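Shown below: entry.txt, with compact mmCIF, C-alpha atoms.
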```txt
# COMPACT_ATOMS: atom_id res chain seq x y z
CA MET A 1392 -0.94 17.10 13.44
CA ALA A 1393 -1.61 15.01 10.35
CA PRO A 1394 1.21 14.80 7.78
CA VAL A 1395 0.81 16.64 4.49
CA THR A 1396 -0.04 14.12 1.79
CA ASP A 1397 0.77 14.17 -1.90
CA GLY A 1398 -2.71 15.43 -2.70
CA ASP A 1399 -2.41 18.19 -0.09
CA ALA A 1400 0.93 19.37 -1.51
CA ARG A 1401 -0.40 19.46 -5.05
CA GLU A 1402 -3.51 21.28 -3.88
CA LEU A 1403 -1.35 23.90 -2.17
CA GLU A 1404 0.67 24.34 -5.36
CA ARG A 1405 -2.53 24.80 -7.39
CA ASP A 1406 -3.76 27.35 -4.87
CA ASP A 1407 -0.52 29.34 -5.17
CA ARG A 1408 -0.72 29.31 -8.94
CA THR A 1409 -4.35 30.38 -8.82
CA THR A 1410 -3.54 33.27 -6.48
CA LEU A 1411 -0.70 34.49 -8.69
CA THR A 1412 -2.88 34.21 -11.79
CA VAL A 1413 -5.70 36.22 -10.20
CA VAL A 1414 -3.24 38.93 -9.12
CA MET A 1415 -1.73 39.18 -12.61
CA HIS A 1416 -5.12 39.29 -14.34
CA THR A 1417 -6.32 41.96 -11.94
CA ALA A 1418 -3.13 43.98 -12.47
CA PHE A 1419 -3.55 43.78 -16.25
CA PHE A 1420 -7.07 45.18 -16.23
CA VAL A 1421 -6.11 47.86 -13.66
CA LEU A 1422 -3.14 48.96 -15.81
CA LEU A 1423 -5.23 48.84 -18.98
CA GLY A 1424 -7.98 50.97 -17.42
CA ALA A 1425 -5.47 53.40 -15.89
CA SER A 1426 -3.65 53.79 -19.22
CA LEU A 1427 -6.91 54.49 -21.05
CA ALA A 1428 -8.02 56.97 -18.37
CA ARG A 1429 -4.64 58.73 -18.51
CA TYR A 1430 -4.82 59.02 -22.28
CA LEU A 1431 -8.36 60.40 -22.25
CA ALA A 1432 -7.51 62.84 -19.46
CA ARG A 1433 -4.38 64.18 -21.17
CA HIS A 1434 -5.39 64.18 -24.81
CA GLY A 1435 -9.17 64.21 -24.91
CA PRO A 1436 -10.99 63.66 -28.19
CA GLU A 1437 -8.56 63.15 -31.08
CA PRO A 1438 -8.76 61.40 -34.42
CA ARG A 1439 -6.97 58.40 -32.94
CA THR A 1440 -9.10 58.29 -29.79
CA PRO A 1441 -11.77 55.95 -31.24
CA TRP A 1442 -9.01 53.59 -32.38
CA ILE A 1443 -7.44 53.57 -28.95
CA ILE A 1444 -10.77 52.92 -27.26
CA ALA A 1445 -11.59 50.16 -29.74
CA LEU A 1446 -8.17 48.55 -29.35
CA SER A 1447 -8.47 48.76 -25.56
CA VAL A 1448 -11.85 47.01 -25.67
CA LEU A 1449 -10.47 44.42 -28.12
CA LEU A 1450 -7.41 43.80 -25.94
CA ALA A 1451 -9.61 43.34 -22.87
CA ALA A 1452 -11.90 40.94 -24.76
CA LEU A 1453 -8.95 38.96 -26.11
CA TYR A 1454 -7.38 38.77 -22.66
CA VAL A 1455 -10.61 37.41 -21.19
CA LEU A 1456 -10.50 34.55 -23.72
CA GLY A 1457 -7.19 33.30 -22.26
CA PRO A 1458 -8.61 31.35 -19.31
CA VAL A 1459 -11.27 29.85 -21.62
CA LEU A 1460 -8.57 28.35 -23.84
CA GLY A 1461 -6.81 26.75 -20.86
CA ALA A 1462 -3.17 26.77 -19.80
CA ARG A 1463 -1.97 23.94 -22.09
CA LEU A 1464 0.29 24.90 -24.99
CA THR A 1465 -1.82 24.50 -28.13
CA ALA A 1466 -1.90 26.15 -31.53
CA ARG A 1467 -5.05 28.07 -30.57
CA ARG A 1468 -3.41 29.42 -27.39
CA VAL A 1469 -0.26 30.47 -29.29
CA PHE A 1470 -2.44 32.25 -31.84
CA TRP A 1471 -4.36 33.93 -29.03
CA LEU A 1472 -1.15 35.09 -27.36
CA GLY A 1473 0.08 36.50 -30.69
CA ALA A 1474 -3.20 38.40 -31.12
CA VAL A 1475 -2.96 39.85 -27.59
CA VAL A 1476 0.65 40.97 -28.11
CA ALA A 1477 -0.12 42.46 -31.55
CA THR A 1478 -3.12 44.40 -30.19
CA TRP A 1479 -1.07 45.67 -27.24
CA ALA A 1480 1.80 46.70 -29.59
CA ALA A 1481 -0.66 48.64 -31.74
CA LEU A 1482 -1.96 50.41 -28.64
CA VAL A 1483 1.57 51.25 -27.52
CA ALA A 1484 2.35 52.65 -30.97
CA LEU A 1485 -0.71 54.96 -30.71
CA ALA A 1486 -0.39 55.75 -26.98
CA PRO A 1487 2.93 54.92 -25.21
CA SER A 1488 1.28 55.04 -21.79
CA PHE A 1489 -0.15 51.55 -22.46
CA ALA A 1490 3.41 50.18 -22.24
CA TRP A 1491 3.02 49.28 -18.55
CA CYS A 1492 0.52 46.58 -19.45
CA ALA A 1493 3.57 44.59 -20.55
CA VAL A 1494 4.28 43.43 -16.98
CA PRO A 1495 1.25 41.10 -16.76
CA LEU A 1496 1.95 40.05 -20.35
CA PHE A 1497 5.43 38.91 -19.21
CA TYR A 1498 3.74 36.44 -16.89
CA THR A 1499 1.27 35.31 -19.56
CA GLY A 1500 4.07 34.65 -22.06
CA LEU A 1501 6.28 32.89 -19.52
CA ARG A 1502 3.38 30.69 -18.47
CA THR A 1503 2.25 29.88 -22.01
CA LEU A 1504 5.41 29.35 -24.07
CA PRO A 1505 8.49 27.17 -23.61
CA GLN A 1506 11.27 28.89 -21.68
CA ARG A 1507 13.41 30.04 -24.63
CA ALA A 1508 10.46 31.32 -26.63
CA ALA A 1509 9.06 33.01 -23.54
CA VAL A 1510 12.36 34.78 -22.79
CA THR A 1511 12.51 35.96 -26.40
CA LEU A 1512 8.95 37.32 -26.13
CA VAL A 1513 9.85 39.12 -22.89
CA ALA A 1514 12.86 40.71 -24.63
CA VAL A 1515 10.65 41.92 -27.49
CA LEU A 1516 8.05 43.32 -25.10
CA THR A 1517 10.76 45.03 -23.09
CA ALA A 1518 12.19 46.66 -26.23
CA LEU A 1519 8.74 47.98 -27.12
CA VAL A 1520 8.32 49.36 -23.60
CA VAL A 1521 11.68 51.12 -23.76
CA ALA A 1522 10.84 52.60 -27.17
CA ALA A 1523 7.45 53.81 -25.91
CA GLN A 1524 8.93 55.37 -22.78
CA LEU A 1525 11.63 57.11 -24.80
CA ARG A 1526 8.87 58.64 -26.95
CA LEU A 1527 7.19 59.95 -23.81
CA ALA A 1528 10.45 61.23 -22.29
CA GLY A 1529 11.64 62.87 -25.50
CA TRP A 1530 15.29 62.23 -24.67
CA PRO A 1531 17.46 59.18 -23.81
CA ASP A 1532 16.64 59.10 -20.11
CA PRO A 1533 18.95 56.50 -18.39
CA ASN A 1534 16.13 55.48 -16.07
CA VAL A 1535 13.89 54.78 -19.06
CA LEU A 1536 16.66 52.81 -20.75
CA LEU A 1537 17.52 50.67 -17.74
CA ALA A 1538 14.36 50.36 -15.61
CA PRO A 1539 12.19 48.28 -18.00
CA PRO A 1540 14.97 45.72 -18.73
CA ALA A 1541 15.66 45.47 -14.99
CA VAL A 1542 11.97 44.88 -14.22
CA ALA A 1543 11.73 42.32 -17.02
CA ALA A 1544 14.87 40.52 -15.81
CA VAL A 1545 13.60 40.37 -12.23
CA ALA A 1546 10.15 39.15 -13.29
CA THR A 1547 11.64 36.50 -15.57
CA ALA A 1548 14.14 35.32 -12.95
CA VAL A 1549 11.45 35.07 -10.27
CA PHE A 1550 9.11 33.15 -12.54
CA VAL A 1551 11.81 30.74 -13.79
CA THR A 1552 13.03 30.15 -10.22
CA MET A 1553 9.49 29.45 -9.02
CA GLU A 1554 8.94 27.02 -11.88
CA ARG A 1555 12.16 25.16 -11.12
CA GLN A 1556 11.32 25.00 -7.44
CA SER A 1557 7.87 23.70 -8.28
CA ALA A 1558 9.39 21.06 -10.56
CA ARG A 1559 11.82 19.99 -7.84
CA GLN A 1560 8.99 19.93 -5.32
CA ARG A 1561 6.89 17.75 -7.62
CA ALA A 1562 9.85 15.42 -8.10
CA LEU A 1563 10.37 15.23 -4.34
CA ILE A 1564 6.68 14.54 -3.81
CA ASP A 1565 6.76 11.78 -6.43
CA ASP A 1566 9.84 10.28 -4.74
CA LEU A 1567 8.11 10.51 -1.38
CA VAL A 1568 5.00 8.80 -2.73
CA ARG A 1569 7.10 6.01 -4.26
CA THR A 1570 9.05 5.63 -1.02
CA ARG A 1571 5.85 5.45 0.99
CA ARG A 1572 4.49 2.80 -1.33
CA VAL A 1573 7.71 0.76 -1.05
CA LEU A 1574 7.69 1.11 2.75
CA ALA A 1575 4.02 0.16 2.91
CA ALA A 1576 4.67 -2.90 0.74
CA THR A 1577 7.67 -3.84 2.90
CA GLU A 1578 5.66 -3.44 6.10
CA ARG A 1579 2.85 -5.54 4.66
CA ARG A 1580 5.32 -8.22 3.60
CA GLU A 1581 7.04 -8.20 7.01
CA GLY A 1582 3.65 -8.31 8.71
CA MET A 1583 2.63 -11.27 6.58
CA LEU A 1584 5.88 -13.10 7.42
CA ALA A 1585 5.49 -12.36 11.13
CA GLU A 1586 1.87 -13.49 11.05
CA ARG A 1587 2.87 -16.63 9.15
CA GLU A 1588 5.50 -17.41 11.78
CA ARG A 1589 3.02 -16.79 14.57
CA LEU A 1590 0.42 -19.02 12.93
CA ALA A 1591 3.06 -21.72 12.45
CA ARG A 1592 3.82 -21.64 16.17
CA GLU A 1593 0.14 -21.74 17.06
CA ILE A 1594 -0.49 -24.68 14.73
CA HIS A 1595 2.56 -26.50 16.10
CA ASP A 1596 1.44 -25.98 19.70
CA THR A 1597 -2.17 -27.06 19.05
CA VAL A 1598 -3.10 -29.12 16.02
CA ALA A 1599 0.32 -30.68 15.33
CA GLN A 1600 0.90 -31.69 18.96
CA GLY A 1601 -2.56 -33.16 19.24
CA LEU A 1602 -2.13 -35.20 16.09
CA SER A 1603 1.27 -36.42 17.30
CA SER A 1604 -0.23 -37.54 20.60
CA GLN A 1605 -3.08 -39.30 18.84
CA ARG A 1606 -0.66 -41.09 16.53
CA MET A 1607 1.43 -42.40 19.42
CA LEU A 1608 -1.68 -43.46 21.36
CA LEU A 1609 -3.09 -45.30 18.36
CA GLN A 1610 0.24 -46.99 17.73
CA ALA A 1611 0.36 -48.08 21.37
CA ALA A 1612 -3.20 -49.40 21.14
CA ASP A 1613 -2.31 -51.33 17.98
CA ARG A 1614 0.66 -53.01 19.70
CA VAL A 1615 -1.43 -54.35 22.60
CA TRP A 1616 -4.70 -54.87 20.73
CA GLU A 1617 -4.45 -58.69 20.83
CA THR A 1618 -2.63 -59.19 24.13
CA ASP A 1619 -4.20 -56.50 26.32
CA PRO A 1620 -7.56 -55.29 24.96
CA ALA A 1621 -8.33 -53.26 28.09
CA THR A 1622 -5.14 -51.21 27.73
CA ALA A 1623 -5.79 -50.81 24.00
CA ARG A 1624 -9.28 -49.46 24.71
CA SER A 1625 -7.80 -47.10 27.30
CA HIS A 1626 -5.39 -45.79 24.68
CA LEU A 1627 -8.28 -45.32 22.27
CA ARG A 1628 -10.31 -43.41 24.85
CA THR A 1629 -7.34 -41.19 25.58
CA ALA A 1630 -6.82 -40.62 21.86
CA ALA A 1631 -10.50 -39.69 21.51
CA SER A 1632 -10.15 -37.24 24.42
CA VAL A 1633 -7.08 -35.71 22.81
CA ALA A 1634 -8.95 -35.45 19.50
CA GLU A 1635 -11.88 -33.73 21.23
CA HIS A 1636 -9.57 -31.25 22.92
CA ASN A 1637 -7.66 -30.77 19.68
CA LEU A 1638 -10.91 -29.97 17.89
CA ALA A 1639 -11.73 -27.38 20.56
CA GLU A 1640 -8.25 -25.91 20.14
CA ALA A 1641 -8.69 -25.76 16.38
CA ARG A 1642 -12.03 -23.98 16.70
CA ARG A 1643 -10.60 -21.55 19.23
CA PHE A 1644 -7.57 -21.09 17.00
CA VAL A 1645 -9.80 -20.17 14.08
CA HIS A 1646 -11.88 -17.84 16.26
CA ASP A 1647 -9.32 -15.78 18.13
CA LEU A 1648 -6.17 -17.84 18.73
CA THR A 1649 -6.85 -18.02 22.48
CA PRO A 1650 -5.91 -21.39 24.03
CA ALA A 1651 -9.01 -23.43 24.78
CA ASP A 1652 -7.80 -24.09 28.34
CA LEU A 1653 -7.78 -20.33 29.00
CA ALA A 1654 -11.19 -19.69 27.44
CA GLY A 1655 -13.98 -18.58 29.68
CA GLY A 1656 -11.68 -16.80 32.13
CA ALA A 1657 -9.84 -19.92 33.36
CA GLY A 1658 -6.59 -18.95 35.03
CA LEU A 1659 -3.10 -20.07 34.10
CA ARG A 1660 -2.83 -22.52 37.00
CA ALA A 1661 -6.09 -24.21 36.01
CA ALA A 1662 -4.99 -24.35 32.38
CA LEU A 1663 -1.64 -25.93 33.31
CA ALA A 1664 -3.41 -28.40 35.61
CA ALA A 1665 -5.73 -29.42 32.79
CA LEU A 1666 -2.72 -29.79 30.48
CA ALA A 1667 -0.88 -31.97 33.02
CA GLU A 1668 -3.93 -34.18 33.49
CA ARG A 1669 -4.48 -34.51 29.76
CA GLU A 1670 -0.84 -35.39 29.05
CA THR A 1671 -0.68 -38.01 31.80
CA ASP A 1672 -1.10 -41.60 30.62
CA ALA A 1673 0.40 -45.02 31.16
CA ASP A 1674 3.72 -44.02 29.61
CA LEU A 1675 4.16 -40.51 31.03
CA THR A 1676 3.15 -38.92 34.31
CA VAL A 1677 2.95 -35.13 34.35
CA ARG A 1678 2.88 -33.25 37.66
CA LEU A 1679 2.28 -29.55 38.35
CA HIS A 1680 3.77 -27.43 41.13
CA THR A 1681 3.09 -23.73 41.65
CA GLU A 1682 5.00 -21.29 43.82
CA GLY A 1683 3.98 -17.75 44.66
CA THR A 1684 1.10 -15.57 43.54
CA PRO A 1685 1.40 -12.71 41.02
CA ALA A 1686 0.86 -9.26 42.50
CA ALA A 1687 -1.52 -8.40 39.66
CA PRO A 1688 -3.48 -10.45 37.13
CA LEU A 1689 -1.19 -11.72 34.42
CA PRO A 1690 -1.64 -10.25 30.95
CA ALA A 1691 -3.51 -12.56 28.61
CA LEU A 1692 -0.52 -12.55 26.25
CA VAL A 1693 1.75 -13.87 29.02
CA GLU A 1694 -0.72 -16.56 30.11
CA SER A 1695 -1.15 -17.73 26.52
CA ALA A 1696 2.61 -17.79 25.95
CA VAL A 1697 3.33 -19.76 29.14
CA LEU A 1698 0.66 -22.33 28.29
CA ARG A 1699 1.93 -22.69 24.70
CA ILE A 1700 5.51 -23.08 25.98
CA ALA A 1701 4.37 -25.81 28.36
CA GLN A 1702 2.53 -27.59 25.54
CA GLY A 1703 5.56 -27.39 23.26
CA ALA A 1704 7.94 -28.59 25.96
CA LEU A 1705 5.72 -31.57 26.86
CA ALA A 1706 5.37 -32.44 23.19
CA ASN A 1707 9.17 -32.59 22.94
CA VAL A 1708 9.35 -34.70 26.09
CA ARG A 1709 6.82 -37.19 24.76
CA GLU A 1710 8.33 -37.39 21.27
CA HIS A 1711 12.07 -37.27 21.98
CA ALA A 1712 12.88 -37.83 25.66
CA ALA A 1713 11.37 -41.30 26.34
CA ALA A 1714 10.66 -40.02 29.86
CA THR A 1715 8.32 -41.54 32.43
CA THR A 1716 7.86 -38.41 34.53
CA ALA A 1717 7.67 -34.72 33.72
CA THR A 1718 7.16 -31.87 36.16
CA LEU A 1719 5.77 -28.43 35.43
CA THR A 1720 6.81 -25.80 37.98
CA LEU A 1721 5.21 -22.35 37.74
CA THR A 1722 6.95 -19.69 39.86
CA CYS A 1723 5.35 -16.24 40.18
CA LEU A 1724 7.72 -13.50 41.32
CA ASP A 1725 7.16 -9.77 41.63
CA ASP A 1726 8.98 -8.92 38.41
CA GLN A 1727 8.79 -12.11 36.37
CA ILE A 1728 7.09 -15.42 35.90
CA VAL A 1729 9.13 -18.61 35.43
CA LEU A 1730 8.04 -21.94 33.99
CA ASP A 1731 10.31 -24.96 34.54
CA VAL A 1732 9.72 -28.21 32.67
CA ALA A 1733 11.82 -31.10 33.99
CA ASP A 1734 11.83 -34.71 32.80
CA ASP A 1735 13.75 -37.90 33.60
CA GLY A 1736 14.29 -38.84 29.96
CA ARG A 1737 17.35 -39.64 27.94
CA GLY A 1738 18.57 -36.04 27.82
CA PHE A 1739 20.73 -34.48 25.13
CA ASP A 1740 23.59 -32.05 24.56
CA PRO A 1741 22.06 -28.54 24.19
CA ARG A 1742 25.20 -27.31 22.40
CA THR A 1743 24.66 -29.46 19.29
CA PRO A 1744 22.83 -27.77 16.36
CA ALA A 1745 20.38 -30.63 15.95
CA ASP A 1746 19.23 -30.33 19.53
CA ARG A 1747 18.68 -26.60 19.06
CA GLY A 1748 16.06 -27.40 16.45
CA SER A 1749 17.99 -26.62 13.27
CA VAL A 1750 17.56 -30.13 11.84
CA ARG A 1751 14.17 -31.33 12.98
CA GLY A 1752 11.22 -30.08 14.94
CA HIS A 1753 9.70 -26.67 15.53
CA GLY A 1754 9.39 -26.87 19.32
CA LEU A 1755 12.46 -25.10 20.70
CA PRO A 1756 12.60 -22.45 17.95
CA ALA A 1757 8.91 -21.68 18.59
CA ILE A 1758 9.55 -21.38 22.33
CA ARG A 1759 12.50 -19.08 21.76
CA ALA A 1760 10.46 -16.94 19.36
CA ARG A 1761 7.63 -16.54 21.90
CA LEU A 1762 10.05 -15.55 24.64
CA ARG A 1763 11.90 -13.16 22.35
CA GLN A 1764 8.65 -11.31 21.60
CA LEU A 1765 8.02 -10.89 25.34
CA GLY A 1766 11.61 -10.03 26.26
CA GLY A 1767 12.03 -13.38 28.04
CA THR A 1768 14.89 -15.86 28.25
CA LEU A 1769 15.19 -19.61 27.74
CA THR A 1770 17.64 -21.80 29.67
CA ILE A 1771 18.17 -25.50 28.97
CA GLU A 1772 20.10 -27.81 31.29
CA SER A 1773 20.59 -31.32 30.01
CA ALA A 1774 23.13 -34.05 29.41
CA PRO A 1775 22.83 -37.46 27.73
CA GLY A 1776 21.21 -39.90 30.14
CA GLU A 1777 20.46 -37.31 32.83
CA GLY A 1778 17.13 -35.83 31.79
CA THR A 1779 16.35 -32.24 30.84
CA VAL A 1780 15.28 -29.07 32.63
CA LEU A 1781 13.84 -26.28 30.47
CA SER A 1782 13.39 -22.90 32.17
CA ALA A 1783 11.45 -20.07 30.54
CA ALA A 1784 11.44 -16.67 32.30
CA ILE A 1785 9.20 -13.78 31.22
CA PRO A 1786 9.65 -10.32 32.78
CA LEU A 1787 6.36 -8.72 33.78
CA SER A 1788 7.49 -5.09 33.85
CA THR A 1789 8.49 -5.01 30.16
CA THR A 1790 5.78 -7.24 28.78
CA PRO A 1791 4.19 -5.51 25.75
CA PRO A 1792 0.41 -5.16 25.74
CA PRO A 1793 -1.65 -7.63 23.74
CA GLU A 1794 -1.97 -6.83 20.06
CA PRO A 1795 -5.35 -5.34 19.13
CA GLU A 1796 -7.62 -7.70 17.25
```
Represent the structure contained in this file as structure tokens.
Amino acid sequence: MAPVTDGDARELERDDRTTLTVVMHTAFFVLLGASLARYLARHGPEPRTPWIIALSVLLAALYVLGPVLGARLTARRVFWLGAVVATWAALVALAPSFAWCAVPLFYTGLRTLPQRAAVTLVAVLTALVVAAQLRLAGWPDPNVLLAPPAVAAVATAVFVTMERQSARQRALIDDLVRTRRVLAATERREGMLAERERLAREIHDTVAQGLSSQRMLLQAADRVWETDPATARSHLRTAASVAEHNLAEARRFVHDLTPADLAGGAGLRAALAALAERETDADLTVRLHTEGTPAAPLPALVESAVLRIAQGALANVREHAAATTATLTLTCLDDQIVLDVADDGRGFDPRTPADRGSVRGHGLPAIRARLRQLGGTLTIESAPGEGTVLSAAIPLSTTPPPEPE
């Protein structure tokens, strides 16, 4: 069921007001016609009969003009209300039976005038009704003395209560609308921040890593340009291959953020094999081992995350570890998938803040963020001079579905 919106609530309030207005207008004309019929039936032709008929027609015509003038408090509407009350008072003075038309006039006055002025008008109308009924009764009937004030008090209390409830409801609706706008703005801002963080990770794992690899390859080529031209040309060819792959990654990144190695339905093993082959050069040898087979095809979000984690880990190995060998081990279990990245580099102390990525680099924080989104865990085993083993585990049973594009 769809929630009621601000427009729906206001439309319902307008419908209620319209219904009440129609009922009151109908009641006025029914009471006016009944009073005229009662007078004609009881008194017949009299000298005052033409005046009563004329005043009845005038009162009906004046009352019809009310909706034309609108509900806003203006000088013309106040003058109109005064004319209606004066005509009705003249009718009551000639024929007391017209006093019951005061009930719809209560509503008209309460709706038209400010609260104090409206209550005063209701009191005046009530006094006229009591006087008219006493004329009909011929003696101070307690029911005549008390019933009209009681009816007027109830009608006024009901109307004032409804108006206050409507005002509170409008205030609540306005607060709700403002709250929804604030929540929508907050959600948009949080979504923008999350998207910015995600894009930063994607850029780090694609464009930034490729540029870093190209820089190191070009620097290596420059160092041996004079002494070993063949090796320098090999470095240049590798740099060109990295640039070509980086361009494909950038295009894929712009298109749909899917890793280029996974495009076209290539599996995770093939993508990791291509990554290991691409990262292998004269300074670093990257090997791939796989163990087990997943019971079901891996979600695309998991495959993309594992490949990005492997790219980020190898980028850290190449830039910081000074390793000669790195090994990627992909283990597929029934309930989780585990990627281990081991190197024989210089190692570090994982407990120090700098090595956790708070001082430089975006690699480990990006890996942790990816695993956190998938409910995974990151374990790092390392010590200075003893290499590093990074283990990323992603549970398959609690992996959220890919976000809709």
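Closest approach to A:Val1483 among A:Leu1460, A:Ala1522, A:Ala1576, A:Arg1742 is made by A:Ala1522 (distances from all atoms listed in the file).
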Within 12 Å of A:Leu1456, counting all atoms listed in the file, which residues qualify if same-chain residues fewer than 2 places away don't, as a tab-separated table (two decimals) with C-alpha atoms, keeping the file's coordinate frame?
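This is the output file around-v6.tsv:
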```
chain	number	residue	atom	x	y	z
A	1416	HIS	CA	-5.12	39.29	-14.34
A	1449	LEU	CA	-10.47	44.42	-28.12
A	1450	LEU	CA	-7.41	43.80	-25.94
A	1451	ALA	CA	-9.61	43.34	-22.87
A	1452	ALA	CA	-11.90	40.94	-24.76
A	1453	LEU	CA	-8.95	38.96	-26.11
A	1454	TYR	CA	-7.38	38.77	-22.66
A	1458	PRO	CA	-8.61	31.35	-19.31
A	1459	VAL	CA	-11.27	29.85	-21.62
A	1460	LEU	CA	-8.57	28.35	-23.84
A	1461	GLY	CA	-6.81	26.75	-20.86
A	1462	ALA	CA	-3.17	26.77	-19.80
A	1467	ARG	CA	-5.05	28.07	-30.57
A	1468	ARG	CA	-3.41	29.42	-27.39
A	1470	PHE	CA	-2.44	32.25	-31.84
A	1471	TRP	CA	-4.36	33.93	-29.03
A	1472	LEU	CA	-1.15	35.09	-27.36
A	1474	ALA	CA	-3.20	38.40	-31.12
A	1475	VAL	CA	-2.96	39.85	-27.59
```
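Between A:Thr1722 and the residues A:Ser1782, A:Asn1707, A:Gln1524, A:Gln1605, the shortest atom-to-atom distance, using only C-alpha atoms, involves A:Ser1782.
Across A:Leu1485, A:Leu1536, A:Val1697, A:Leu1446, the tightest approach to A:Ala1784 is made by A:Val1697 when counting all atoms listed in the file.
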Checklist entry - So which residues touch A:Ala1445 within 12 Å, counting all atoms listed in the file, skipping near sequence neighbours fewer than 2 positions away, as a ChimeraX atom specification? => result /A:1427,1439-1443,1447-1452,1478-1479,1481-1482,1485
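Taking atom CA of A:Thr1720 and atom CA of A:Glu1694 as the two end points, the separation is 14.3 Å.
If you look at atom CA of A:Leu1638 and atom CA of A:Ala1667, they are 18.3 Å away from each other.
Residues lying within 7 Å of stretch 1774-1780 of chain A, counting only C-alpha atoms and ignoring same-chain neighbours fewer than 4 positions away, are Asp1731, Val1732, Ala1733, Asp1734, Asp1735, Gly1736, Arg1737, Gly1738, Phe1739 and Asp1740 of chain A.
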Saved selection, atoms kept: C-alpha atoms, as a PDB file, in the frame of the given file:
```
ATOM      1  CA  ASP A1731      10.310 -24.960  34.540  1.00  0.00           C
ATOM      2  CA  VAL A1732       9.720 -28.210  32.670  1.00  0.00           C
ATOM      3  CA  ALA A1733      11.820 -31.100  33.990  1.00  0.00           C
ATOM      4  CA  ASP A1734      11.830 -34.710  32.800  1.00  0.00           C
ATOM      5  CA  ASP A1735      13.750 -37.900  33.600  1.00  0.00           C
ATOM      6  CA  GLY A1736      14.290 -38.840  29.960  1.00  0.00           C
ATOM      7  CA  ARG A1737      17.350 -39.640  27.940  1.00  0.00           C
ATOM      8  CA  GLY A1738      18.570 -36.040  27.820  1.00  0.00           C
ATOM      9  CA  PHE A1739      20.730 -34.480  25.130  1.00  0.00           C
ATOM     10  CA  ASP A1740      23.590 -32.050  24.560  1.00  0.00           C
TER      11      ASP A1740
END
```
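If you measure from each of A:Ala1712, A:Arg1761, A:Thr1681, A:Asp1672 to A:Ile1700 using all atoms listed in the file, the closest one turns out to be A:Arg1761.
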Checklist entry - Counting only C-alpha atoms, which residues come within 6 Å of (7.9, 45.8, -19.7), with the point read in the file's coordinates, and could you list them as a PyMOL selection string? => result chain A and resi 1493-1494+1516-1517+1520+1539+1543
